[in-house]
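The structure file coords_10.tsv is reproduced below (TSV, C-alpha atoms).
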chain	number	residue	atom	x	y	z
A	20	MET	CA	18.43	174.49	-111.09
A	21	ILE	CA	17.33	176.21	-107.88
A	22	LYS	CA	14.96	174.58	-105.40
A	23	HIS	CA	13.41	176.31	-102.38
A	24	ILE	CA	12.37	174.17	-99.41
A	25	LEU	CA	10.98	175.24	-96.03
A	26	LEU	CA	12.87	173.43	-93.27
A	27	PRO	CA	10.79	173.60	-90.09
A	28	ALA	CA	10.39	169.84	-89.76
A	29	VAL	CA	13.98	169.16	-90.82
A	30	ALA	CA	15.47	171.55	-88.30
A	31	ALA	CA	13.17	170.19	-85.62
A	32	LEU	CA	14.18	166.64	-86.51
A	33	ALA	CA	17.89	167.41	-86.35
A	34	LEU	CA	17.46	169.26	-83.07
A	35	ALA	CA	15.18	166.62	-81.53
A	36	GLY	CA	18.00	165.23	-79.44
A	37	CYS	CA	18.84	168.70	-78.13
A	38	GLN	CA	15.40	170.06	-77.27
A	39	GLN	CA	12.10	168.78	-75.98
A	40	GLY	CA	9.44	168.87	-78.64
A	41	GLY	CA	5.68	168.68	-78.78
A	42	GLU	CA	3.82	165.56	-79.73
A	43	ALA	CA	2.31	164.97	-83.15
A	44	THR	CA	-1.46	164.89	-83.24
A	45	GLY	CA	-1.66	162.14	-85.85
A	46	ASN	CA	-3.36	164.58	-88.22
A	47	ALA	CA	-0.82	165.34	-90.96
A	48	ALA	CA	-2.48	168.61	-92.03
A	49	ALA	CA	-2.69	169.87	-88.45
A	50	ASP	CA	0.91	168.80	-87.76
A	51	THR	CA	2.16	170.58	-90.90
A	52	ALA	CA	0.21	173.73	-90.03
A	53	ALA	CA	1.58	173.64	-86.49
A	54	GLU	CA	5.15	173.24	-87.79
A	55	SER	CA	4.68	176.14	-90.22
A	56	ASN	CA	3.20	178.31	-87.48
A	57	ALA	CA	6.08	177.37	-85.19
A	58	VAL	CA	8.61	178.60	-87.76
A	59	VAL	CA	6.81	181.92	-88.17
A	60	ALA	CA	6.58	182.31	-84.40
A	61	ASN	CA	10.21	181.27	-83.93
A	62	THR	CA	11.53	183.87	-86.37
A	63	ALA	CA	9.26	186.53	-84.82
A	64	ASP	CA	10.60	185.63	-81.35
A	65	GLY	CA	14.18	185.93	-82.57
A	66	ASN	CA	14.83	182.23	-83.16
A	67	ASN	CA	16.89	182.09	-86.30
A	68	VAL	CA	16.81	178.71	-88.08
A	69	ALA	CA	19.96	179.58	-90.05
A	70	ALA	CA	21.79	180.24	-86.78
A	71	GLN	CA	20.51	176.94	-85.39
A	72	VAL	CA	21.84	175.08	-88.43
A	73	ILE	CA	25.22	176.84	-88.07
A	74	ALA	CA	25.36	175.73	-84.42
A	75	MET	CA	24.74	172.06	-85.28
A	76	ASN	CA	27.53	169.52	-85.40
A	77	ASP	CA	28.48	168.10	-88.81
A	78	ALA	CA	26.32	164.97	-88.48
A	79	GLN	CA	23.18	166.95	-87.54
A	80	ARG	CA	23.77	169.49	-90.29
A	81	ASN	CA	24.26	166.74	-92.89
A	82	VAL	CA	20.89	165.24	-91.85
A	83	VAL	CA	19.27	168.63	-92.49
A	84	PHE	CA	20.98	168.83	-95.89
A	85	ILE	CA	20.03	165.31	-97.03
A	86	ARG	CA	16.42	165.94	-96.08
A	87	ALA	CA	16.35	169.31	-97.88
A	88	ILE	CA	17.97	167.82	-100.99
A	89	MET	CA	15.58	164.86	-101.05
A	90	ASP	CA	12.56	167.12	-100.41
A	91	ALA	CA	13.67	169.18	-103.41
A	92	GLY	CA	13.42	166.03	-105.54
A	93	LEU	CA	17.15	165.84	-106.17
A	94	LYS	CA	19.21	162.67	-106.06
A	95	CYS	CA	21.46	162.14	-103.06
A	96	ASP	CA	21.73	158.83	-101.24
A	97	HIS	CA	23.89	160.17	-98.42
A	98	VAL	CA	25.59	163.47	-97.55
A	99	GLU	CA	29.15	162.36	-96.83
A	100	SER	CA	30.43	165.80	-95.88
A	101	SER	CA	29.65	169.49	-96.08
A	102	GLN	CA	31.83	172.58	-96.18
A	103	ARG	CA	30.84	176.08	-95.13
A	104	LEU	CA	31.47	178.62	-97.88
A	105	PRO	CA	31.26	182.42	-97.84
A	106	ASP	CA	27.72	183.66	-97.17
A	107	GLN	CA	25.44	184.19	-100.16
A	108	ASP	CA	23.19	187.27	-99.99
A	109	GLY	CA	23.66	187.41	-96.22
A	110	ASN	CA	22.69	183.76	-95.69
A	111	PRO	CA	25.02	180.89	-94.74
A	112	LEU	CA	26.09	178.68	-97.66
A	113	TRP	CA	27.41	175.11	-97.65
A	114	ARG	CA	28.52	172.61	-100.26
A	115	ALA	CA	26.82	169.30	-99.43
A	116	ASN	CA	28.83	166.42	-100.93
A	117	CYS	CA	26.71	163.38	-101.67
A	118	SER	CA	28.00	159.85	-102.11
A	119	GLY	CA	28.86	159.25	-105.74
A	120	GLY	CA	30.48	162.65	-106.20
A	121	VAL	CA	27.36	164.81	-106.65
A	122	ALA	CA	27.43	168.13	-104.78
A	123	HIS	CA	24.66	170.62	-104.05
A	124	MET	CA	24.98	174.17	-102.77
A	125	VAL	CA	22.62	174.81	-99.83
A	126	THR	CA	21.71	178.15	-98.26
A	127	ILE	CA	19.47	178.46	-95.22
A	128	THR	CA	17.49	181.61	-94.49
A	129	PRO	CA	16.55	182.76	-90.98
A	130	ASP	CA	12.95	181.58	-91.52
A	131	GLY	CA	14.12	178.05	-92.34
A	132	THR	CA	13.93	178.13	-96.12
A	133	ALA	CA	16.58	176.02	-97.81
A	134	LYS	CA	17.70	177.08	-101.26
A	135	ILE	CA	19.37	174.27	-103.19
A	136	ILE	CA	21.48	175.03	-106.24
A	137	SER	CA	22.53	172.07	-108.38
A	138	ARG	CA	24.08	171.43	-111.74
A	139	THR	CA	22.16	168.61	-113.38
A	140	ASP	CA	24.18	168.73	-116.61
A	141	ARG	CA	27.34	167.36	-114.95
Would you mind giving the structure from this file in structure tokens?
Amino acid sequence: MIKHILLPAVAALALAGCQQGGEATGNAAADTAAESNAVVANTADGNNVAAQVIAMNDAQRNVVFIRAIMDAGLKCDHVESSQRLPDQDGNPLWRANCSGGVAHMVTITPDGTAKIISRTDR
């Protein structure tokens, strides 16, 4: 099973302690549109979300992974650890190990899309 998730809010959340951010307007549709536009503008300006995730410490990266996994509708109560694996199709790849022994493979593209690969038959 492969799930694709756009990570603008997740990356912003994980980086919130590192950067100053804008304020939410209180309008969910406007906030989502602004986040999506920010990702497009960031990649056009040379900001690479995949590179930002690589630069994160383990705790920040695991927050990004748990959010991406949960947004994909997959079960994971907590990402206990993650290991970087060889890149997949030019994008960074990690194994996110959830509590209970479930693992998901997560790739992040420069535009912030997370691709989650899971085996649900195990």
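Nearest residue to Gly109 (chain A), choosing from A:Asn76, A:Ile88, A:Asp96, A:Ala69 and counting all atoms listed in the file: A:Ala69.
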Within 6 Å of file point (21.3, 174.3, -104.3), counting only C-alpha atoms, expressed as a PyMOL selection string: chain A and resi 21+123-125+134-137
Best match for closeness to Ile73 (chain A) among A:Leu93, A:Pro111, A:Gly119, A:Thr128, counting only C-alpha atoms: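 Result for the nearest residue to Ile73 (chain A): A:Pro111.
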Here CA of Val82 (chain A) and CA of Cys95 (chain A) stand apart by 11.6 Å
Could you list, as a ChimeraX atom specification, every residue within 7 Å of Val68 (chain A), counting all atoms listed in the file and ignoring same-chain residues fewer than 6 positions away? /A:129-131
Just to be explicit: take each residue in the selection above, keep C-alpha atoms, and write the result as a PDB file, in the frame of the given file.
ATOM      1  CA  PRO A 129      16.550 182.760 -90.980  1.00  0.00           C
ATOM      2  CA  ASP A 130      12.950 181.580 -91.520  1.00  0.00           C
ATOM      3  CA  GLY A 131      14.120 178.050 -92.340  1.00  0.00           C
TER       4      GLY A 131
END
